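Undergrad: Got a structure here, written out as structure tokens. Questions coming.
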Amino acid sequence: MIQLNAINCFGLKDSGKILGTITLLDAWGGGLGIWLSGVLFGKFGNYEVAFQIFVVLIFLALLLISQVKKIDVTVEKGVSQA
């Protein structure tokens, strides 16, 4: 679904670069999130601060993703024109 949404929003021309960036940031964020949760647990003794930070980041991501507009793709004779 990520690939389909990325192509629908950004087109085929740069889809490799965009999907590579998404994959890289997803892996980086996953690793950083685990590490940061552990650091915050060690400092505060619970996960409350980590969850608060992640909730803020989720709302920021929702705000940013709501600003992405789909591109207009016309289809003629089964060929996509992006």
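Here, A, B, ... name the chains of the structure tokens in the order displayed, residue numbers run from 1 inside each chain, and ligands are numbered from 1 in the same displayed order.
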Residues within 12 Å of A:Asn5, please, as a ChimeraX atom specification. Count only C-alpha atoms; anything in the same chain fewer than 4 positions from it doesn't count.

TA: /A:1,9-12,15,18-19,22,65,68-71

Undergrad: Would you mind telling me which residue in A:Leu62, A:Ile2, A:Val56, A:Ala50 lies nearest to A:Ile34 when using only C-alpha atoms?

TA: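 Using only C-alpha atoms, A:Ile34 sits closest to A:Ala50.
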
Undergrad: Could you give me the residues within chain A that DSSP places in alpha helix (DSSP H), as a ChimeraX atom specification?

TA: /A:2-10,15-44,48-65

Undergrad: Find the residue from A:Gly45, A:Phe54, A:Gln67, A:Lys17 that sits nearest to A:Gly30; use only C-alpha atoms when measuring.

TA: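 When distances to A:Gly30 are compared using only C-alpha atoms, the smallest one comes from A:Phe54.
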
Undergrad: To one decimal place in Å, what is the distance between atom CA of A:Gly16 and atom CA of A:Gln3?

TA: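 Value for the atom CA of A:Gly16-atom CA of A:Gln3 distance: 9.6 Å.
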
Undergrad: Quick one: residues within 12 Å of A:Ser37, only C-alpha atoms, excluding same-chain residues fewer than 2 positions away - as a VMD selection string?

TA: chain A and resid 29 to 35 39 to 54
